[in-house]
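What's in entry-v5.cif: mmCIF, C-alpha atoms
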```cif
data_query
#
loop_
_atom_site.label_atom_id
_atom_site.label_comp_id
_atom_site.auth_asym_id
_atom_site.auth_seq_id
_atom_site.Cartn_x
_atom_site.Cartn_y
_atom_site.Cartn_z
CA MET E 1 17.84 76.88 -3.40
CA SER E 2 18.45 73.38 -4.75
CA VAL E 3 17.82 72.69 -8.43
CA GLU E 4 16.08 69.51 -9.55
CA ILE E 5 18.34 67.55 -11.88
CA LYS E 6 16.90 65.18 -14.49
CA VAL E 7 19.40 62.90 -16.21
CA LEU E 8 18.81 60.47 -19.05
CA SER E 9 18.97 56.83 -17.96
CA GLY E 10 21.77 54.72 -19.42
CA GLU E 11 19.27 52.89 -21.61
CA ALA E 12 17.79 56.17 -22.89
CA GLN E 13 21.25 57.59 -23.55
CA ALA E 14 22.23 54.54 -25.61
CA GLU E 15 18.97 54.63 -27.59
CA ALA E 16 19.42 58.36 -28.29
CA GLU E 17 22.98 57.76 -29.50
CA ASN E 18 21.79 55.03 -31.87
CA ARG E 19 18.98 57.13 -33.31
CA TYR E 20 21.19 60.15 -33.81
CA GLY E 21 23.84 57.94 -35.40
CA GLU E 22 21.31 56.67 -37.94
CA LEU E 23 20.06 60.20 -38.62
CA TYR E 24 23.62 61.47 -39.06
CA LEU E 25 24.39 58.82 -41.69
CA LYS E 26 21.22 59.64 -43.62
CA ALA E 27 22.27 63.28 -43.79
CA LEU E 28 26.00 62.66 -44.37
CA PRO E 29 26.30 59.24 -46.03
CA GLY E 30 29.92 59.80 -47.05
CA SER E 31 31.07 60.90 -43.60
CA GLY E 32 31.76 57.47 -42.14
CA GLY E 33 29.27 58.16 -39.36
CA ILE E 34 29.76 59.94 -36.07
CA ASP E 35 32.11 58.90 -33.28
CA LYS E 36 29.87 58.56 -30.21
CA SER E 37 32.55 60.26 -28.11
CA ARG E 38 31.96 63.38 -30.22
CA LEU E 39 28.17 63.23 -30.01
CA GLU E 40 26.71 65.48 -27.33
CA ILE E 41 23.27 64.48 -26.05
CA ALA E 42 21.47 67.52 -24.63
CA PRO E 43 18.30 66.70 -22.62
CA PHE E 44 18.20 70.22 -21.08
CA ASN E 45 17.21 68.90 -17.63
CA CYS E 46 13.83 67.88 -19.11
CA SER E 47 14.23 64.16 -19.82
CA GLU E 48 14.92 60.90 -18.03
CA THR E 49 13.34 58.43 -20.46
CA ILE E 50 13.67 58.11 -24.23
CA GLU E 51 9.97 58.99 -24.56
CA GLU E 52 10.57 62.31 -22.78
CA PHE E 53 13.74 62.94 -24.77
CA GLU E 54 11.88 62.41 -28.06
CA GLN E 55 9.84 65.49 -27.15
CA ILE E 56 12.62 67.83 -25.94
CA GLY E 57 16.31 67.55 -26.70
CA LEU E 58 19.13 67.92 -29.19
CA GLY E 59 22.04 65.94 -30.54
CA LEU E 60 25.11 67.75 -31.76
CA GLU E 61 28.62 67.33 -33.02
CA THR E 62 30.83 70.34 -32.39
CA VAL E 63 33.27 70.41 -35.28
CA VAL E 64 35.25 73.37 -34.04
CA ILE E 65 35.17 76.14 -31.45
CA PHE E 66 37.82 78.81 -31.92
CA ARG E 67 38.16 81.72 -29.53
CA ASP E 68 41.14 84.07 -29.51
CA GLU E 69 42.46 86.08 -26.57
CA SER E 70 39.91 88.83 -27.23
CA GLY E 71 37.01 86.36 -27.07
CA ALA E 72 36.36 86.62 -30.82
CA GLY E 73 36.24 83.49 -32.93
CA HIS E 74 33.99 81.09 -34.80
CA THR E 75 32.14 77.81 -34.32
CA GLY E 76 30.86 75.02 -36.56
CA LYS E 77 28.36 72.36 -35.46
CA VAL E 78 26.13 69.61 -36.84
CA LEU E 79 22.74 69.76 -35.09
CA LEU E 80 20.24 66.88 -35.03
CA ASN E 81 16.57 66.80 -34.06
CA LEU E 82 14.62 63.54 -33.94
CA PRO E 83 11.13 63.56 -35.50
CA GLY E 84 8.97 66.01 -33.54
CA GLN E 85 11.81 66.82 -31.12
CA LEU E 86 12.02 70.43 -29.91
CA LEU E 87 15.15 72.44 -29.26
CA LEU E 88 13.78 74.77 -26.59
CA GLU E 89 13.59 78.53 -27.08
CA HIS E 90 16.76 80.41 -26.20
CA SER E 91 18.96 83.32 -27.24
CA HIS E 92 22.64 84.26 -27.26
CA VAL E 93 23.42 87.61 -25.63
CA ASN E 94 26.46 89.61 -24.53
CA THR E 95 28.21 88.35 -21.41
CA TYR E 96 30.43 90.54 -19.24
CA VAL E 97 33.14 89.48 -16.79
CA LEU E 98 33.46 92.01 -13.97
CA LYS E 99 35.91 92.44 -11.12
CA GLU E 100 34.88 90.57 -7.99
CA GLU E 101 34.53 93.82 -6.05
CA ALA E 102 32.50 95.61 -8.76
CA THR E 103 28.99 96.88 -8.13
CA ILE E 104 26.73 95.39 -10.78
CA ALA E 105 25.03 98.09 -12.87
CA ASP E 106 21.25 98.44 -12.78
CA GLY E 107 19.49 96.21 -15.29
CA PHE E 108 22.12 93.46 -15.13
CA ILE E 109 22.15 90.16 -13.26
CA LYS E 110 24.70 87.48 -12.38
CA LEU E 111 24.48 84.45 -14.65
CA SER E 112 24.39 82.11 -11.67
CA GLN E 113 21.02 83.69 -10.82
CA ARG E 114 19.70 83.34 -14.37
CA VAL E 115 21.28 80.18 -15.81
CA ASN E 116 20.87 76.90 -13.94
CA GLY E 117 24.15 75.13 -13.22
CA PHE E 118 26.36 78.04 -14.35
CA ASN E 119 29.84 77.76 -12.81
CA GLY E 120 31.85 80.00 -15.11
CA ILE E 121 33.10 80.45 -18.65
CA VAL E 122 34.81 77.27 -19.77
CA LYS E 123 37.92 76.69 -21.87
CA TYR E 124 37.56 74.83 -25.16
CA ASN E 125 39.96 72.75 -27.19
CA SER E 126 40.10 73.61 -30.90
CA ASP E 127 38.06 70.49 -31.76
CA GLY E 128 35.16 71.80 -29.70
CA THR E 129 35.66 69.62 -26.61
CA ILE E 130 35.84 71.25 -23.19
CA CYS E 131 39.26 71.41 -21.55
CA CYS E 132 39.34 69.26 -18.40
CA ASP E 133 41.89 68.73 -15.64
CA GLU E 134 43.34 65.35 -14.68
CA SER E 135 40.25 64.50 -12.64
CA GLY E 136 37.94 65.26 -15.58
CA LYS E 137 36.62 68.52 -14.10
CA PRO E 138 36.03 71.31 -16.66
CA GLU E 139 38.60 74.09 -16.68
CA HIS E 140 37.44 77.70 -16.74
CA LEU E 141 38.68 80.92 -18.24
CA TYR E 142 36.72 82.69 -15.50
CA GLU E 143 35.19 80.91 -12.52
CA GLU E 144 31.92 82.18 -11.12
CA THR E 145 33.40 82.16 -7.62
CA ASP E 146 36.23 84.55 -8.56
CA TYR E 147 34.45 87.05 -10.82
CA GLN E 148 31.03 88.58 -11.34
CA ILE E 149 29.79 87.26 -14.68
CA VAL E 150 26.68 89.12 -15.80
CA GLN E 151 24.18 89.64 -18.61
CA ALA E 152 21.46 92.23 -19.13
CA GLU E 153 18.22 91.16 -17.45
CA ASN E 154 16.30 91.82 -20.68
CA GLY E 155 19.07 90.35 -22.83
CA MET E 156 19.49 93.54 -24.87
CA ALA E 157 21.44 96.26 -23.10
CA GLU E 158 25.15 97.01 -23.45
CA TYR E 159 27.05 97.42 -20.19
CA PRO E 160 27.18 101.14 -19.26
CA GLN E 161 30.29 102.96 -20.46
CA GLY E 162 30.47 104.68 -17.09
CA ASN E 163 31.27 101.29 -15.53
CA ALA E 164 33.86 100.32 -18.12
CA GLU E 165 36.66 100.16 -15.54
CA ASP E 166 34.87 97.21 -13.89
CA ILE E 167 34.85 95.11 -17.09
CA ILE E 168 37.61 92.52 -17.40
CA GLU E 169 36.31 90.94 -20.61
CA THR E 170 33.29 91.06 -22.90
CA PHE E 171 31.97 88.05 -24.82
CA ASP E 172 29.63 89.08 -27.63
CA GLY E 173 26.40 87.15 -28.10
CA LYS E 174 26.58 84.55 -30.85
CA SER E 175 25.20 85.22 -34.31
CA GLU E 176 24.63 82.11 -36.41
CA THR E 177 23.49 80.75 -39.75
CA PHE E 178 21.54 77.49 -40.05
CA LYS E 179 21.58 75.36 -43.21
CA VAL E 180 19.32 72.29 -43.45
CA ILE E 181 20.98 69.26 -45.06
CA TYR E 182 18.41 66.54 -44.27
CA GLY E 183 14.69 66.43 -43.49
CA ASP E 184 12.86 69.59 -42.51
CA GLY E 185 11.60 71.44 -39.47
CA ILE E 186 10.07 74.58 -38.06
CA LEU E 187 12.18 77.49 -36.82
CA PHE E 188 10.39 79.73 -34.32
CA ALA E 189 12.15 83.13 -34.61
CA ASP E 190 10.57 86.55 -35.09
CA THR E 191 13.67 88.35 -36.38
CA ALA E 192 15.35 85.56 -38.38
CA GLN E 193 16.51 86.51 -41.88
CA VAL E 194 16.07 83.96 -44.67
CA LEU E 195 19.24 84.27 -46.74
CA TYR E 196 18.33 81.60 -49.30
CA ALA E 197 15.33 79.43 -50.05
CA PRO E 198 15.33 76.80 -52.82
CA PRO E 199 13.30 77.70 -55.94
CA GLY E 200 9.57 77.27 -55.40
CA VAL E 201 9.83 77.16 -51.58
CA ASP E 202 7.94 79.73 -49.48
CA PRO E 203 9.54 79.65 -46.00
CA ASP E 204 6.45 81.25 -44.42
CA THR E 205 4.05 78.59 -45.68
CA LEU E 206 3.71 75.83 -43.10
CA PRO E 207 2.90 72.31 -44.34
CA GLU E 208 -0.34 70.90 -42.97
CA ARG E 209 1.40 67.65 -41.95
CA LEU E 210 3.42 69.57 -39.33
CA LEU E 211 0.56 71.62 -37.85
CA PRO E 212 -0.31 69.05 -35.12
CA GLN E 213 3.33 68.96 -33.93
CA ILE E 214 3.50 72.77 -33.94
CA GLU E 215 0.27 73.06 -31.95
CA LYS E 216 1.51 70.48 -29.43
CA ALA E 217 4.85 72.26 -28.96
CA ARG E 218 3.20 75.64 -28.45
CA ALA E 219 0.68 74.21 -26.00
CA GLU E 220 3.26 72.39 -23.86
CA GLN E 221 6.40 74.56 -24.00
CA GLN E 222 7.39 78.15 -23.37
CA ILE E 223 7.67 79.65 -26.86
CA SER E 224 7.32 83.43 -26.94
CA THR E 225 7.93 84.04 -30.65
CA THR E 226 5.13 84.26 -33.22
CA ARG E 227 6.87 83.87 -36.60
CA MET E 228 7.42 80.32 -37.86
CA ILE E 229 9.69 79.40 -40.78
CA HIS E 230 9.47 76.07 -42.60
CA MET E 231 13.12 75.03 -42.89
CA THR E 232 13.70 72.73 -45.88
CA GLN E 233 16.82 71.18 -47.38
CA GLY E 234 19.24 73.77 -48.71
CA MET E 235 17.66 76.73 -46.89
CA ASN E 236 19.96 79.22 -45.14
CA VAL E 237 18.72 81.37 -42.26
CA LEU E 238 20.61 84.01 -40.28
CA LEU E 239 19.97 84.56 -36.58
CA ALA E 240 21.54 87.76 -35.25
CA LYS E 241 22.68 87.81 -31.62
CA ASN E 242 19.87 88.07 -29.07
CA THR E 243 17.39 86.39 -31.44
CA ARG E 244 15.01 84.19 -29.48
CA HIS E 245 14.59 80.94 -31.35
CA ALA E 246 13.40 77.35 -31.03
CA PHE E 247 13.54 74.51 -33.55
CA LEU E 248 11.10 71.63 -34.09
CA GLY E 249 12.15 68.56 -36.08
CA GLY E 250 9.84 67.43 -38.90
CA LEU E 251 8.32 63.98 -39.40
CA ASP E 252 11.63 62.51 -40.61
CA GLY E 253 13.75 64.50 -38.19
CA CYS E 254 16.14 67.22 -39.25
CA VAL E 255 19.90 67.67 -39.55
CA TYR E 256 21.24 71.16 -40.01
CA LEU E 257 24.60 72.87 -39.94
CA GLU E 258 25.46 75.82 -37.73
CA PHE E 259 28.07 78.38 -38.74
CA SER E 260 28.53 81.03 -36.08
CA THR E 261 30.68 83.44 -34.21
CA SER E 262 32.34 82.02 -31.11
CA SER E 263 30.09 79.72 -29.08
CA MET E 264 29.51 79.84 -25.34
CA ASP E 265 26.72 77.33 -24.66
CA GLU E 266 27.05 77.66 -20.90
CA ALA E 267 25.69 81.23 -21.09
CA ASP E 268 22.67 80.59 -23.37
CA ARG E 269 19.45 82.20 -22.10
CA PHE E 270 16.53 79.76 -22.17
CA THR E 271 12.95 81.02 -21.85
CA ASP E 272 12.15 77.97 -19.66
CA LYS E 273 14.12 78.59 -16.47
CA ARG E 274 14.18 74.87 -15.58
CA VAL E 275 16.71 74.29 -18.31
CA ILE E 276 20.29 73.30 -17.50
CA ARG E 277 22.55 73.37 -20.54
#
```
Represent the structure contained in this file as structure tokens.
Amino acid sequence: MSVEIKVLSGEAQAEAENRYGELYLKALPGSGGIDKSRLEIAPFNCSETIEEFEQIGLGLETVVIFRDESGAGHTGKVLLNLPGQLLLEHSHVNTYVLKEEATIADGFIKLSQRVNGFNGIVKYNSDGTICCDESGKPEHLYEETDYQIVQAENGMAEYPQGNAEDIIETFDGKSETFKVIYGDGILFADTAQVLYAPPGVDPDTLPERLLPQIEKARAEQQISTTRMIHMTQGMNVLLAKNTRHAFLGGLDGCVYLEFSTSSMDEADRFTDKRVIR
């Protein structure tokens, strides 16, 4: 079955880069700005024009991705949402690499059947960029054509111990902490843990000025969570692995830092199955 691909136009890409660059400097005025070659524009297969991208999308600078031979490691990113822009609901769950001849255990599914555009688990350079060959094609630790790469259908289950001989490698789902450094926004996440809120701030009190944007996002997008947290400057929130979450930028946009265990964006589980990461 063919998958519809939506790509930002060149004009929209350039406009997004400019807006994120301005937002980045507001949040990090002493940083010297962001090198556009390090700015990832993520339209999630939902945008072709800048007007569409303003509704759904994300800008990010990956500062580092470290992953050792066991798959363990850590990641640091700067995430940027334009005013009213939604990072769509998703979660980070365990991923298992199985032998090609293995029989997949009940309750598990190949990622290529669940994640649009999944071709395998990629290699990263230490600066967070993807390793590519001489032709510019991404290099893989495990290619989808040579292994069976699976996740639990419900996102939760561990692979059965009785099938342990079929497992070549396990990549744990990412746990992460967000820290807002500019603007504000709404985090949709039922099981998020607020680690720190500035004095006088109630994370569970939503400002009236953001209620229209929240209502619009819920009406138009697939958001399954019910709890909403008002993320303000200085707030720290922990998202354990397999936490479904979405993030909506406030009226001035939002810039927030991510500190996490090792990242594997290509295996993120989005609630909206149209998404290509």
Checklist entry - If you count only C-alpha atoms, which residues fall within 6 Å of range 70-85 of chain E, apart from same-chain ones fewer than 3 positions away, as a ChimeraX atom specification? => result /E:54-56,58-67,171,248-263
Checklist entry - Within 8 Å of range 5-14 of chain E, counting only C-alpha atoms, which residues qualify if same-chain residues fewer than 2 places away don't, as a ChimeraX atom specification? => result /E:3,16-18,41,43,45-50
Residues matched by the PyMOL selection byres ((chain E and resi 274-277) around 8), written as a compact mmCIF listing (two decimals) with C-alpha atoms, in the coordinates of the input:
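Saved the output as out-v5.txt:
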```txt
# COMPACT_ATOMS: atom_id res chain seq x y z
CA ALA E 42 21.47 67.52 -24.63
CA PHE E 44 18.20 70.22 -21.08
CA ASN E 45 17.21 68.90 -17.63
CA CYS E 46 13.83 67.88 -19.11
CA VAL E 115 21.28 80.18 -15.81
CA ASN E 116 20.87 76.90 -13.94
CA GLY E 117 24.15 75.13 -13.22
CA ASP E 265 26.72 77.33 -24.66
CA GLU E 266 27.05 77.66 -20.90
CA ASP E 268 22.67 80.59 -23.37
CA PHE E 270 16.53 79.76 -22.17
CA ASP E 272 12.15 77.97 -19.66
CA LYS E 273 14.12 78.59 -16.47
```
Checklist outcome for this item: note - CA of Arg244 in chain E and CA of Gly185 in chain E are separated by 16.6 Å
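Here the question is which of E:Ala192, E:Glu208, E:Pro198, E:Val180 gets nearest to Thr225 in chain E using all atoms listed in the file, and that residue is E:Ala192.
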Item to check | Shortest interatomic distance to Glu52 in chain E - which of E:Leu86, E:Leu187, E:Val194, E:Val97, counting all atoms listed in the file | outcome: E:Leu86
Write a file for range 80-183 of chain E of the given structure; include C-alpha atoms and format it as a tab-separated table (two decimals), in the first residue's frame.
```tsv
chain	number	residue	atom	x	y	z
E	80	LEU	CA	10.91	24.73	19.37
E	81	ASN	CA	7.19	25.23	18.84
E	82	LEU	CA	5.84	28.26	16.98
E	83	PRO	CA	2.81	30.03	18.53
E	84	GLY	CA	-0.10	27.57	18.56
E	85	GLN	CA	1.96	24.85	16.87
E	86	LEU	CA	1.29	21.27	18.00
E	87	LEU	CA	3.82	18.49	18.41
E	88	LEU	CA	1.52	15.54	17.74
E	89	GLU	CA	0.82	12.88	20.36
E	90	HIS	CA	3.35	10.08	20.51
E	91	SER	CA	5.20	7.77	22.89
E	92	HIS	CA	8.59	6.06	23.16
E	93	VAL	CA	8.41	2.30	23.76
E	94	ASN	CA	10.76	-0.69	23.80
E	95	THR	CA	11.97	-1.87	20.41
E	96	TYR	CA	13.26	-5.39	19.77
E	97	VAL	CA	15.51	-6.62	16.96
E	98	LEU	CA	14.78	-10.26	16.16
E	99	LYS	CA	16.43	-12.82	13.92
E	100	GLU	CA	15.07	-12.80	10.39
E	101	GLU	CA	13.76	-16.35	10.77
E	102	ALA	CA	12.11	-15.73	14.16
E	103	THR	CA	8.37	-16.16	14.68
E	104	ILE	CA	7.03	-12.92	16.12
E	105	ALA	CA	5.40	-13.45	19.52
E	106	ASP	CA	1.69	-12.78	19.96
E	107	GLY	CA	0.93	-9.16	20.81
E	108	PHE	CA	3.88	-7.77	18.85
E	109	ILE	CA	4.06	-6.20	15.40
E	110	LYS	CA	6.77	-5.24	12.92
E	111	LEU	CA	7.57	-1.53	12.97
E	112	SER	CA	7.22	-1.31	9.21
E	113	GLN	CA	3.53	-2.14	9.72
E	114	ARG	CA	3.09	0.45	12.48
E	115	VAL	CA	5.46	3.33	11.65
E	116	ASN	CA	5.21	5.00	8.25
E	117	GLY	CA	8.50	5.13	6.37
E	118	PHE	CA	10.38	2.87	8.81
E	119	ASN	CA	13.44	1.32	7.13
E	120	GLY	CA	15.50	0.28	10.14
E	121	ILE	CA	17.40	1.56	13.15
E	122	VAL	CA	19.83	4.24	12.04
E	123	LYS	CA	23.37	5.03	13.14
E	124	TYR	CA	24.06	8.42	14.73
E	125	ASN	CA	27.16	10.55	14.94
E	126	SER	CA	27.96	11.87	18.43
E	127	ASP	CA	26.71	15.36	17.44
E	128	GLY	CA	23.25	13.95	16.79
E	129	THR	CA	23.42	13.84	12.98
E	130	ILE	CA	22.58	10.62	11.17
E	131	CYS	CA	25.48	8.67	9.68
E	132	CYS	CA	25.23	8.62	5.87
E	133	ASP	CA	27.17	6.84	3.13
E	134	GLU	CA	28.92	8.60	0.26
E	135	SER	CA	25.64	8.96	-1.64
E	136	GLY	CA	23.93	10.59	1.35
E	137	LYS	CA	21.79	7.54	2.19
E	138	PRO	CA	21.32	6.91	5.94
E	139	GLU	CA	23.32	4.05	7.39
E	140	HIS	CA	21.61	1.53	9.65
E	141	LEU	CA	22.59	-0.52	12.65
E	142	TYR	CA	19.81	-2.91	11.65
E	143	GLU	CA	17.99	-2.74	8.32
E	144	GLU	CA	14.33	-3.65	8.20
E	145	THR	CA	14.98	-5.97	5.26
E	146	ASP	CA	17.51	-8.09	7.20
E	147	TYR	CA	15.87	-8.35	10.63
E	148	GLN	CA	12.44	-8.36	12.22
E	149	ILE	CA	12.19	-5.15	14.23
E	150	VAL	CA	9.14	-5.18	16.48
E	151	GLN	CA	7.27	-3.38	19.24
E	152	ALA	CA	4.33	-4.41	21.40
E	153	GLU	CA	1.03	-3.64	19.68
E	154	ASN	CA	-0.22	-1.88	22.82
E	155	GLY	CA	3.15	-0.26	23.46
E	156	MET	CA	3.47	-1.76	26.94
E	157	ALA	CA	4.50	-5.41	26.97
E	158	GLU	CA	8.02	-6.79	27.40
E	159	TYR	CA	9.06	-9.42	24.86
E	160	PRO	CA	8.36	-12.90	26.29
E	161	GLN	CA	11.30	-14.50	28.08
E	162	GLY	CA	10.45	-17.77	26.36
E	163	ASN	CA	11.44	-16.17	23.05
E	164	ALA	CA	14.66	-14.64	24.36
E	165	GLU	CA	16.81	-16.68	21.96
E	166	ASP	CA	15.23	-14.80	19.04
E	167	ILE	CA	16.27	-11.36	20.38
E	168	ILE	CA	19.43	-9.87	18.89
E	169	GLU	CA	19.14	-6.51	20.64
E	170	THR	CA	16.72	-4.53	22.80
E	171	PHE	CA	16.38	-0.75	22.68
E	172	ASP	CA	14.57	0.61	25.73
E	173	GLY	CA	11.90	3.25	25.23
E	174	LYS	CA	13.11	6.77	25.90
E	175	SER	CA	12.42	8.52	29.19
E	176	GLU	CA	12.86	12.29	29.10
E	177	THR	CA	12.73	15.50	31.07
E	178	PHE	CA	11.47	18.77	29.55
E	179	LYS	CA	12.56	22.19	30.84
E	180	VAL	CA	10.96	25.34	29.41
E	181	ILE	CA	13.42	28.19	28.78
E	182	TYR	CA	11.23	30.58	26.76
E	183	GLY	CA	7.50	31.22	26.36
```
